[in-house]
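Engineer: Below is one structure. I have some questions about it.
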Amino acid sequence: MSNLKSLLKQSSHYLTGRGLAILIGFVSFPVYARLFSVSDYGVLNLAQRFTLVAGAIAKLGMQNAILRFHEESSDSEDSLRRLYSTALFGTTLGGLVCAIACA
């Protein structure tokens, strides 16, 4: 029963977040359509797409690697520290490279 309760709790959190994101989109679209011209709205959309792509490239799949290697690295403090440093510096370097490329 605990697994089902946990699943329902996590699913409700996910659905609440998705619902709020959709609601924000419904509210912001008419506001943006009134405030910005067609070309300004296109530039804003293009900037948003570049940001999404840069974020995906900057992560470099690091979230999957951390999940996979955490269990085997957690046996010693030194290897765990090395895993955290690699994750932090790897994503930071990826983000900087993408920011420089976009600039």
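Note on naming: chains are A, B, ... as they come in the structure tokens, residues start from 1 per chain, ligands start from 1 in the order shown.
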Mind checking which residues fall within 10 Å of Lys59 in chain A, counting only C-alpha atoms, ignoring those fewer than 6 positions away in the same chain, and posting them as a list of chain:residue names?
Structural biologist: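 Contacts, in chain order: A:Ala87, A:Gly90, A:Thr91, A:Thr92, A:Leu93, A:Gly94, A:Gly95.
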Engineer: Since we have the selection now, will you write its residues out, keeping N, CA, C and O atoms, as a PDB file, in the first residue's frame?
Structural biologist:
ATOM      1  N   ALA A  87      30.235  16.106 -11.826  1.00  0.00           N
ATOM      2  CA  ALA A  87      28.898  16.539 -12.225  1.00  0.00           C
ATOM      3  C   ALA A  87      28.793  18.059 -12.220  1.00  0.00           C
ATOM      4  O   ALA A  87      28.276  18.658 -13.170  1.00  0.00           O
ATOM      5  N   GLY A  90      31.337  19.544 -14.901  1.00  0.00           N
ATOM      6  CA  GLY A  90      30.950  19.145 -16.251  1.00  0.00           C
ATOM      7  C   GLY A  90      29.769  19.942 -16.768  1.00  0.00           C
ATOM      8  O   GLY A  90      29.780  20.429 -17.901  1.00  0.00           O
ATOM      9  N   THR A  91      28.731  20.096 -15.949  1.00  0.00           N
ATOM     10  CA  THR A  91      27.569  20.866 -16.391  1.00  0.00           C
ATOM     11  C   THR A  91      27.888  22.352 -16.469  1.00  0.00           C
ATOM     12  O   THR A  91      27.381  23.041 -17.351  1.00  0.00           O
ATOM     13  N   THR A  92      28.736  22.846 -15.566  1.00  0.00           N
ATOM     14  CA  THR A  92      29.127  24.253 -15.625  1.00  0.00           C
ATOM     15  C   THR A  92      29.906  24.548 -16.899  1.00  0.00           C
ATOM     16  O   THR A  92      29.666  25.541 -17.584  1.00  0.00           O
ATOM     17  N   LEU A  93      30.830  23.677 -17.235  1.00  0.00           N
ATOM     18  CA  LEU A  93      31.625  23.853 -18.460  1.00  0.00           C
ATOM     19  C   LEU A  93      30.735  23.758 -19.691  1.00  0.00           C
ATOM     20  O   LEU A  93      30.854  24.562 -20.626  1.00  0.00           O
ATOM     21  N   GLY A  94      29.806  22.806 -19.710  1.00  0.00           N
ATOM     22  CA  GLY A  94      28.878  22.697 -20.830  1.00  0.00           C
ATOM     23  C   GLY A  94      28.009  23.935 -20.979  1.00  0.00           C
ATOM     24  O   GLY A  94      27.762  24.419 -22.084  1.00  0.00           O
ATOM     25  N   GLY A  95      27.546  24.466 -19.860  1.00  0.00           N
ATOM     26  CA  GLY A  95      26.737  25.691 -19.886  1.00  0.00           C
ATOM     27  C   GLY A  95      27.530  26.885 -20.384  1.00  0.00           C
ATOM     28  O   GLY A  95      27.015  27.713 -21.163  1.00  0.00           O
TER      29      GLY A  95
END
Engineer: Mind checking which residues fall within 12 Å of range 63-72 of chain A, counting only C-alpha atoms, ignoring those fewer than 4 positions away in the same chain, and posting them as number ranges by chain?
Structural biologist: A: 56, 58-59, 76-77, 79-88, 90-91
Engineer: Write the selection just made, keeping N, CA and C atoms, as a PDB file, in the first residue's frame?
Structural biologist:
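File written: selection26.pdb
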ATOM      1  N   ALA A  56      19.653  21.753 -22.957  1.00  0.00           N
ATOM      2  CA  ALA A  56      19.752  20.312 -23.195  1.00  0.00           C
ATOM      3  C   ALA A  56      21.181  19.903 -23.517  1.00  0.00           C
ATOM      4  N   ALA A  58      23.883  21.603 -22.607  1.00  0.00           N
ATOM      5  CA  ALA A  58      24.728  21.876 -21.437  1.00  0.00           C
ATOM      6  C   ALA A  58      24.656  20.762 -20.402  1.00  0.00           C
ATOM      7  N   LYS A  59      23.500  20.118 -20.287  1.00  0.00           N
ATOM      8  CA  LYS A  59      23.389  19.032 -19.305  1.00  0.00           C
ATOM      9  C   LYS A  59      24.197  17.812 -19.711  1.00  0.00           C
ATOM     10  N   SER A  76      33.059   4.990  -1.017  1.00  0.00           N
ATOM     11  CA  SER A  76      34.089   5.765  -0.328  1.00  0.00           C
ATOM     12  C   SER A  76      33.798   7.251  -0.486  1.00  0.00           C
ATOM     13  N   GLU A  77      34.241   8.005   0.483  1.00  0.00           N
ATOM     14  CA  GLU A  77      34.002   9.446   0.489  1.00  0.00           C
ATOM     15  C   GLU A  77      34.752  10.139  -0.655  1.00  0.00           C
ATOM     16  N   SER A  79      35.640   8.895  -3.690  1.00  0.00           N
ATOM     17  CA  SER A  79      35.023   8.675  -5.002  1.00  0.00           C
ATOM     18  C   SER A  79      33.684   9.400  -5.116  1.00  0.00           C
ATOM     19  N   LEU A  80      32.970   9.539  -4.012  1.00  0.00           N
ATOM     20  CA  LEU A  80      31.712  10.283  -4.031  1.00  0.00           C
ATOM     21  C   LEU A  80      31.979  11.764  -4.273  1.00  0.00           C
ATOM     22  N   ARG A  81      33.005  12.293  -3.642  1.00  0.00           N
ATOM     23  CA  ARG A  81      33.384  13.691  -3.849  1.00  0.00           C
ATOM     24  C   ARG A  81      33.813  13.920  -5.303  1.00  0.00           C
ATOM     25  N   ARG A  82      34.525  12.955  -5.867  1.00  0.00           N
ATOM     26  CA  ARG A  82      34.958  13.065  -7.259  1.00  0.00           C
ATOM     27  C   ARG A  82      33.749  13.040  -8.205  1.00  0.00           C
ATOM     28  N   LEU A  83      32.745  12.226  -7.904  1.00  0.00           N
ATOM     29  CA  LEU A  83      31.538  12.177  -8.723  1.00  0.00           C
ATOM     30  C   LEU A  83      30.800  13.507  -8.679  1.00  0.00           C
ATOM     31  N   TYR A  84      30.660  14.089  -7.482  1.00  0.00           N
ATOM     32  CA  TYR A  84      29.973  15.368  -7.354  1.00  0.00           C
ATOM     33  C   TYR A  84      30.742  16.475  -8.070  1.00  0.00           C
ATOM     34  N   SER A  85      32.058  16.462  -7.960  1.00  0.00           N
ATOM     35  CA  SER A  85      32.866  17.478  -8.637  1.00  0.00           C
ATOM     36  C   SER A  85      32.754  17.348 -10.150  1.00  0.00           C
ATOM     37  N   THR A  86      32.779  16.125 -10.641  1.00  0.00           N
ATOM     38  CA  THR A  86      32.645  15.905 -12.076  1.00  0.00           C
ATOM     39  C   THR A  86      31.287  16.387 -12.570  1.00  0.00           C
ATOM     40  N   ALA A  87      30.235  16.106 -11.826  1.00  0.00           N
ATOM     41  CA  ALA A  87      28.898  16.539 -12.225  1.00  0.00           C
ATOM     42  C   ALA A  87      28.793  18.059 -12.220  1.00  0.00           C
ATOM     43  N   LEU A  88      29.301  18.689 -11.187  1.00  0.00           N
ATOM     44  CA  LEU A  88      29.207  20.145 -11.083  1.00  0.00           C
ATOM     45  C   LEU A  88      30.037  20.835 -12.158  1.00  0.00           C
ATOM     46  N   GLY A  90      31.337  19.544 -14.901  1.00  0.00           N
ATOM     47  CA  GLY A  90      30.950  19.145 -16.251  1.00  0.00           C
ATOM     48  C   GLY A  90      29.769  19.942 -16.768  1.00  0.00           C
ATOM     49  N   THR A  91      28.731  20.096 -15.949  1.00  0.00           N
ATOM     50  CA  THR A  91      27.569  20.866 -16.391  1.00  0.00           C
ATOM     51  C   THR A  91      27.888  22.352 -16.469  1.00  0.00           C
TER      52      THR A  91
END
Engineer: What is the CA of Gln10 in chain A-CA of Gly55 in chain A distance in Å, reported with one decimal?
Structural biologist: 24.9 Å
